[in-house]
Amino acid sequence: MSHAAAFPGFTGSPTSTRAAVAARATDLSKVYGQGDTRVVALDSVSVEFGKGQFTAIMGPSGSGKSTLMHCMAGLDAISSGSARIGDVELASLNDKQLTRLRRDKIGFIFQAFNLLPTLTALENITLPMDIAGRKPDREWVSRVVETVGLSGRLAHRPAQLSGGQQQRVAVARALAAQPEIIFADEPTGNLDSRSGAEVLGFLRESVQAMNQTVVMVTHDPVAAGYADRVVFLADGRIVEELHEPTADTVLDRMRLFDAKGRTS
Ligand SMILES: Nc1ncnc2c1ncn2[C@@H]1O[C@H](COP(=O)(O)OP(=O)(O)O)[C@@H](O)[C@H]1O
Ligand SMILES: [Mg+2]
């Protein structure tokens with residue numbers, strides 16, 4: 001007799017229902033500098049990012065959010081532990097293999113937009129695919145461009161665009177190649193609330209409709225409310241996790257940390 005028949009309401013073993021993992025950190029530590037300037041930016045962090053899951057990373061300034069994103073995206077070498085994209089251990093790759101993995105599997109949206117000034121908005125968006133020799137899926141690219149509200153700006157160069165528009169180009173660039181995982185470091189930090197909501201709605205939709213995996217650093221409880229879960233960092237450690245967050249539950253949790261911070 002199966003478990004399901006024996007236990008009404010039993011929906012299967014945890015292993016059978018567990019979603020595939022897009023990226024995983026295990027006991028990941030990152031130390032910068034040495035001696036007097038030694039900083040433990042990440043202190044034995046273990047976390048999984050499931051395929052098709054939208055995770056928000058929150059925590060005070062200096063808590064290690066950007067470092068975690070950079071280490072997971074292979075932009076920064078880890079000091080100890082493990083960082084994997086799918087089944088691939090990043091530390092096992094040579095420079096060339098790492099470059100290829102970043103190009104083919106990872107989208108990164110930086111706090112600073114990192115656009116090439118001599119290229120138009122459209123050229124910036126398709127650049128990673130051009131470099132990879134991949135043909136952009138035109139229908140998808142135009143849907144991305146339309147959703148982030150750039151249709152009338154494709155021939156403009158970054159200097160001819162506002163900060164908000166430049167960030168939307170960076171978001172479109174990450175989404176256009178349909179990477180396996182997107183890391184976004186405060187992607188709406190420089191956007192007005194309306195453009196920010198559009199970008200967040202689009203990230204949400206790419207998760208829902210395309211099974212895109214997104215990991216996003218944010219300070220904003222409203223932005224975190226778009227995610228499936230929130231992971232809170234403090235002093236390089238994961239201190240709390242929240243599932244199915246809303247802006248209100250995130251705000252409550254942040255207030256709790258603030259109160260703890262003051263009393264300890
Ligand atoms: N390149 C670096 N060299 C030295 N220390 C760094 C470097 N990058 C980050 N740090 C330190 O690591 C800690 C975590 O930084 P970071 O990940 O940028 O935090 P967050 O993104 O949460 O604000 C901070 O104390 C910061 O000063
Ligand atoms: Mg940061």
# chains A, B, ... in the order shown; residues from 1 in each chain; ligands from 1
>>> closest_atom_pairs(of="chain A", to="ligand 2", cutoff="8 Å", atoms="only C-alpha atoms and all ligand atoms", output="Markdown table")
| residue | atom | partner | partner_atom_place_in_ligand_line | distance |
| --- | --- | --- | --- | --- |
| A:Ser61 | CA | ligand 2 | 1 (Mg) | 6.7 |
| A:Gly62 | CA | ligand 2 | 1 (Mg) | 6.9 |
| A:Gly64 | CA | ligand 2 | 1 (Mg) | 7.1 |
| A:Lys65 | CA | ligand 2 | 1 (Mg) | 5.5 |
| A:Ser66 | CA | ligand 2 | 1 (Mg) | 4.1 |
| A:Thr67 | CA | ligand 2 | 1 (Mg) | 7.3 |
| A:Gln111 | CA | ligand 2 | 1 (Mg) | 7.6 |
| A:Asp185 | CA | ligand 2 | 1 (Mg) | 6.8 |
| A:Glu186 | CA | ligand 2 | 1 (Mg) | 7.8 |
| A:Val217 | CA | ligand 2 | 1 (Mg) | 7.7 |
>>> residues_near_ligand(ligand="ligand 1", cutoff="10 Å", atoms="only C-alpha atoms and all ligand atoms", output="number ranges by chain")
A: 30-34, 37-42, 57-71, 76, 111, 185-186, 217-219, 233-236
>>> select_by_dssp(residues="segment 11-214 of chain A", states="alpha helix (DSSP H)", output="JSON, numbers by chain")
{"A": [14, 15, 16, 17, 65, 66, 67, 68, 69, 70, 71, 72, 95, 96, 97, 98, 99, 100, 101, 102, 103, 104, 105, 121, 122, 123, 124, 125, 126, 127, 128, 129, 130, 131, 132, 138, 139, 140, 141, 142, 143, 144, 145, 146, 147, 163, 164, 165, 166, 167, 168, 169, 170, 171, 172, 173, 174, 175, 176, 193, 194, 195, 196, 197, 198, 199, 200, 201, 202, 203, 204, 205, 206, 207, 208, 209, 210]}
>>> atom_distance(atom1="atom CA of Ala224 of chain A", atom2="atom CA of Phe49 of chain A")
15.4 Å
>>> atom_distance(atom1="atom CA of Pro128 of chain A", atom2="atom CA of Ile182 of chain A")
13.7 Å
>>> residues_around(residues="Gln160 of chain A", least_positions_apart="4", cutoff="12 Å", atoms="only C-alpha atoms", output="list in words")
Pro117, Thr118, Leu119, Thr120, Ala121, Arg153, Leu154, Ala155, His156, Gly164, Gln165 and Gln166 of chain A
>>> closest_residue(among="A:Asn94, A:Ser82, A:Asn124, A:Thr246", to="Ala227 of chain A", atoms="only C-alpha atoms")
A:Thr246
>>> atom_distance(atom1="atom CA of Lys51 of chain A", atom2="atom CA of Leu90 of chain A")
17.9 Å
>>> residues_around(residues="segment 141-148 of chain A", least_positions_apart="5", cutoff="9 Å", atoms="only C-alpha atoms", output="count of residues only")
18
>>> residues_around(residues="Ser46 of chain A", least_positions_apart="2", cutoff="7 Å", atoms="only C-alpha atoms", output="PyMOL selection string")
chain A and resi 25-28+44
>>> select_by_dssp(residues="segment 130-262 of chain A", states="strand (DSSP E or B)", output="number ranges by chain")
A: 181-185, 213-217, 229-234, 237-243
>>> write_last_selection(atoms="N, CA and C atoms", output="mmCIF file, in the first residue's frame")
data_model
loop_
_atom_site.group_PDB
_atom_site.id
_atom_site.type_symbol
_atom_site.label_atom_id
_atom_site.label_comp_id
_atom_site.auth_asym_id
_atom_site.auth_seq_id
_atom_site.Cartn_x
_atom_site.Cartn_y
_atom_site.Cartn_z
ATOM 1 N N ILE A 181 19.562 31.559 -14.719
ATOM 2 C CA ILE A 181 19.340 32.272 -13.451
ATOM 3 C C ILE A 181 19.730 33.736 -13.626
ATOM 4 N N ILE A 182 18.938 34.606 -13.024
ATOM 5 C CA ILE A 182 19.233 36.035 -13.058
ATOM 6 C C ILE A 182 19.535 36.502 -11.643
ATOM 7 N N PHE A 183 20.688 37.158 -11.477
ATOM 8 C CA PHE A 183 21.010 37.808 -10.224
ATOM 9 C C PHE A 183 20.845 39.310 -10.431
ATOM 10 N N ALA A 184 20.101 39.941 -9.558
ATOM 11 C CA ALA A 184 19.846 41.375 -9.706
ATOM 12 C C ALA A 184 20.168 42.074 -8.394
ATOM 13 N N ASP A 185 21.093 43.024 -8.446
ATOM 14 C CA ASP A 185 21.501 43.745 -7.243
ATOM 15 C C ASP A 185 20.801 45.091 -7.207
ATOM 16 N N THR A 213 14.482 31.744 -13.088
ATOM 17 C CA THR A 213 14.925 31.816 -11.695
ATOM 18 C C THR A 213 15.512 33.197 -11.447
ATOM 19 N N VAL A 214 15.059 33.864 -10.398
ATOM 20 C CA VAL A 214 15.541 35.216 -10.115
ATOM 21 C C VAL A 214 15.969 35.320 -8.650
ATOM 22 N N VAL A 215 17.142 35.914 -8.437
ATOM 23 C CA VAL A 215 17.614 36.233 -7.094
ATOM 24 C C VAL A 215 17.874 37.728 -7.071
ATOM 25 N N MET A 216 17.177 38.445 -6.208
ATOM 26 C CA MET A 216 17.210 39.906 -6.259
ATOM 27 C C MET A 216 17.503 40.513 -4.897
ATOM 28 N N VAL A 217 18.537 41.337 -4.839
ATOM 29 C CA VAL A 217 18.809 42.106 -3.624
ATOM 30 C C VAL A 217 17.923 43.347 -3.626
ATOM 31 N N ARG A 229 10.061 34.195 -1.787
ATOM 32 C CA ARG A 229 10.649 34.049 -0.453
ATOM 33 C C ARG A 229 11.667 35.153 -0.255
ATOM 34 N N VAL A 230 11.909 35.474 1.006
ATOM 35 C CA VAL A 230 12.918 36.469 1.344
ATOM 36 C C VAL A 230 13.939 35.830 2.263
ATOM 37 N N VAL A 231 15.217 36.014 1.940
ATOM 38 C CA VAL A 231 16.310 35.538 2.780
ATOM 39 C C VAL A 231 16.969 36.769 3.393
ATOM 40 N N PHE A 232 17.052 36.794 4.716
ATOM 41 C CA PHE A 232 17.629 37.946 5.405
ATOM 42 C C PHE A 232 19.064 37.657 5.824
ATOM 43 N N LEU A 233 19.971 38.565 5.473
ATOM 44 C CA LEU A 233 21.374 38.446 5.864
ATOM 45 C C LEU A 233 21.699 39.471 6.939
ATOM 46 N N ALA A 234 22.568 39.103 7.862
ATOM 47 C CA ALA A 234 23.137 40.053 8.818
ATOM 48 C C ALA A 234 24.547 39.602 9.109
ATOM 49 N N ARG A 237 25.740 36.364 7.533
ATOM 50 C CA ARG A 237 25.036 35.106 7.831
ATOM 51 C C ARG A 237 23.561 35.228 7.503
ATOM 52 N N ILE A 238 22.965 34.087 7.164
ATOM 53 C CA ILE A 238 21.515 34.065 6.970
ATOM 54 C C ILE A 238 20.863 33.966 8.341
ATOM 55 N N VAL A 239 20.013 34.935 8.638
ATOM 56 C CA VAL A 239 19.417 34.973 9.977
ATOM 57 C C VAL A 239 17.930 34.661 9.971
ATOM 58 N N GLU A 240 17.316 34.663 8.785
ATOM 59 C CA GLU A 240 15.866 34.480 8.764
ATOM 60 C C GLU A 240 15.420 34.226 7.342
ATOM 61 N N GLU A 241 14.310 33.520 7.199
ATOM 62 C CA GLU A 241 13.746 33.287 5.886
ATOM 63 C C GLU A 241 12.250 33.447 5.977
ATOM 64 N N LEU A 242 11.646 34.019 4.954
ATOM 65 C CA LEU A 242 10.214 34.280 4.952
ATOM 66 C C LEU A 242 9.664 33.762 3.634
ATOM 67 N N HIS A 243 8.576 32.988 3.710
ATOM 68 C CA HIS A 243 7.972 32.468 2.478
ATOM 69 C C HIS A 243 6.685 33.203 2.166
#
